[in-house]
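See below for the structure under consideration.
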Amino acid sequence: MQVPAQFEYQRATSVEHAIALLNRHGPESRVVAGGHSLIPMMKLRLAQPEMLIDINDLAELAELHFQEGVLRLGALLRHADLLASPEVGLLCPMLHDAERVIADPVVRNRGTVGGSVCQADPSEDLSGAFCALRAVAVIRGCSNAGEAYTRTVPMREFFTGPYQTVVADAELLVELQVPIFPDAGSAYVKVDRRSGDWAVAAAAAVVRLDDDTVTDVGIGLTAVGARNFVAQEAEEYLRGRAARAEHFAEAGRIAAEHCSPADDQRGPADYKRHLAGELTVRALERAVARAGRGVKWRSR
């Protein structure tokens with residue numbers, strides 16, 4: 001039987017309380033919400049925090065709002081609640097695409113959006129999606145002098161390596177902000193070995209159009225060693241070109257060329273590189289098909 005190392009436990013009553021606990025206990029403390037990534041790592045002794053800080057009571061971090069063209073997702077928002085939102089499905093269908101293929105209902109009912117991105121697993125579904133969408137992370141913390149602060153970090157700068165992010169020891173991710181444009185379409189496509197498994201490879205795309213011209217594009221790649229989960233070179237190629245099959249095919253080739261997949265139990269590197277290119281094309285085609293549907297929104 002796998003048993004975690006000994007640890008202490010405290011339940012935070014507010015965001016300020018959680019940050020104070022993180023500040024007090026330092027780098028040996030960890031935040032827990034859903035726990036579907038952290039607890040298995042603790043059982044395997046891959047993570048051995050001395051203090052677990054439970055933030056499940058912080059309802060303020062579980063809210064979903066749409067205001068002034070920005071979709072605001074609390075870090076404690078459950079996957080199931082994000083998937084159940086019809087407004088998200090209309091404004092940003094990519095997020096529903098990704099949520100449908102995350103694990104199973106048990107995990108989606110307890111796992112959180114913020115926990116997923118803070119885990120920074122190279123095969124995690126939402127990281128590539130948020131990077132393609134050019135989402136922004138809102139982080140709150142406490143300085144050494146005890147002063148509270150809030151800072152924002154583009155998701156394309158959020159990840160510093162496998163299982164590493166810019167969130168410091170005395171900081172807490174509180175919100176993800178996703179810009180929404182009425183002339184955009186988005187999509188997420190994934191290949192896995194079995195339903196709900198980690199991705200063998202996945203691609204996310206958001207495309208803005210003016211008639212048939214791509215005015216802006218975001219391409220995210222998962223599980224294939226793309227730098228910061230982004231196919232930047234493919235984006236640069238596609239921007240300003242017509243939304244045509246031959247241009248999507250070239251963007252897919254460029255995306256595959258610039259990723260660095262590794263051989264592992266999910267498949268050889270050459271196969272993953274092929275998937276990166278093919279899935280990029282599929283995501284772009286699906287995103288363009290969804291663009292310009294004339295979806296109207298209300299700020300609230």
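Chain labels A, B, ... are given in the sequence in which chains occur in the structure tokens; within each chain residues are numbered consecutively from 1, and ligands are likewise numbered from 1 in the order shown.
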Exercise. If you run DSSP on the backbone, which residues of stretch 17-251 of chain A are strand (DSSP E or B), as a PyMOL selection string?
Worked result: chain A and resi 29-32+51-54+64-67+70-74+78+112+136-142+148-154+159-161+164-165+171-179+184-192+199-210+213-222+230+242
For this session: Find the residues around A:Ser29 up to 6 Å (only C-alpha atoms counted), leave out those fewer than 3 positions away in its own chain, and share them as number ranges by chain.
Result: A: 25-26, 49-52
Exercise. Any idea what's packed within 6 Å of stretch 225-235 of chain A, counting only C-alpha atoms, ignoring anything in its chain fewer than 5 positions away? Could you give it as a PyMOL selection string?
Worked result: chain A and resi 128+156+217+219-220+251+254-255+259-261
For this session: Would you kindly return, as a list in words, each protein, DNA or RNA residue with an atom no farther than 12 Å from any atom of A:Gly146, considering only C-alpha atoms and excluding same-chain residues fewer than 6 positions away?
Result: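 Near neighbours after the sequence-gap exclusion: Glu16, Ile19, Ala20, Asn23, Arg24 and Ala170 of chain A.
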Exercise. How would you write, as a PyMOL selection string, the set of residues in stretch 27-272 of chain A that DSSP gives as alpha helix (DSSP H)?
Worked result: chain A and resi 38-43+79-84+86-91+93-100+105-110+113-119+125-132+232-238+245-257+269-272
Exercise. How many Å separate atom CA of A:Arg208 from atom CA of A:Glu99?
Worked result: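 According to the coordinates, atom CA of A:Arg208 and atom CA of A:Glu99 are separated by 22.2 Å.
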Exercise. Which neighbours of stretch 31-35 of chain A fall inside 6 Å, counting only C-alpha atoms, when residues of the same chain fewer than 3 positions from it are skipped, and could you give them as number ranges by chain?
Worked result: A: 38-39, 52-56, 110-111
Resulting file, chosen residues, N, CA, C and O atoms, as a PDB file, in the first residue's frame:
ATOM      1  N   LEU A  38      -1.930  15.941  -6.753  1.00  0.00           N
ATOM      2  CA  LEU A  38      -1.019  16.023  -5.617  1.00  0.00           C
ATOM      3  C   LEU A  38      -1.031  14.766  -4.756  1.00  0.00           C
ATOM      4  O   LEU A  38       0.038  14.250  -4.381  1.00  0.00           O
ATOM      5  N   ILE A  39      -2.200  14.255  -4.407  1.00  0.00           N
ATOM      6  CA  ILE A  39      -2.277  13.117  -3.488  1.00  0.00           C
ATOM      7  C   ILE A  39      -1.588  11.868  -4.062  1.00  0.00           C
ATOM      8  O   ILE A  39      -0.823  11.202  -3.348  1.00  0.00           O
ATOM      9  N   LEU A  52      -0.177  20.806   4.302  1.00  0.00           N
ATOM     10  CA  LEU A  52      -1.195  20.928   3.265  1.00  0.00           C
ATOM     11  C   LEU A  52      -2.184  22.005   3.683  1.00  0.00           C
ATOM     12  O   LEU A  52      -2.703  21.980   4.804  1.00  0.00           O
ATOM     13  N   ILE A  53      -2.441  22.945   2.761  1.00  0.00           N
ATOM     14  CA  ILE A  53      -3.369  24.043   3.023  1.00  0.00           C
ATOM     15  C   ILE A  53      -4.593  23.841   2.134  1.00  0.00           C
ATOM     16  O   ILE A  53      -4.517  23.978   0.906  1.00  0.00           O
ATOM     17  N   ASP A  54      -5.700  23.493   2.746  1.00  0.00           N
ATOM     18  CA  ASP A  54      -6.940  23.175   2.036  1.00  0.00           C
ATOM     19  C   ASP A  54      -7.687  24.474   1.733  1.00  0.00           C
ATOM     20  O   ASP A  54      -8.011  25.236   2.639  1.00  0.00           O
ATOM     21  N   ILE A  55      -7.981  24.727   0.442  1.00  0.00           N
ATOM     22  CA  ILE A  55      -8.662  25.964   0.047  1.00  0.00           C
ATOM     23  C   ILE A  55     -10.090  25.708  -0.448  1.00  0.00           C
ATOM     24  O   ILE A  55     -10.701  26.570  -1.075  1.00  0.00           O
ATOM     25  N   ASN A  56     -10.650  24.543  -0.137  1.00  0.00           N
ATOM     26  CA  ASN A  56     -11.968  24.199  -0.663  1.00  0.00           C
ATOM     27  C   ASN A  56     -13.085  25.090  -0.155  1.00  0.00           C
ATOM     28  O   ASN A  56     -14.154  25.141  -0.768  1.00  0.00           O
ATOM     29  N   ARG A 110     -14.380  16.988  -8.896  1.00  0.00           N
ATOM     30  CA  ARG A 110     -13.571  17.494  -7.794  1.00  0.00           C
ATOM     31  C   ARG A 110     -12.372  18.305  -8.263  1.00  0.00           C
ATOM     32  O   ARG A 110     -11.934  19.232  -7.582  1.00  0.00           O
ATOM     33  N   GLY A 111     -11.798  17.949  -9.397  1.00  0.00           N
ATOM     34  CA  GLY A 111     -10.620  18.660  -9.885  1.00  0.00           C
ATOM     35  C   GLY A 111     -10.934  20.087 -10.267  1.00  0.00           C
ATOM     36  O   GLY A 111     -12.061  20.415 -10.657  1.00  0.00           O
TER      37      GLY A 111
END
For this session: Can you pull out every residue within 8 Å of stretch 137-141 of chain A, counting only C-alpha atoms, but drop anything in the same chain fewer than 3 positions away, and send it as a PyMOL selection string?
Result: chain A and resi 19+148-155+158+167+170-177
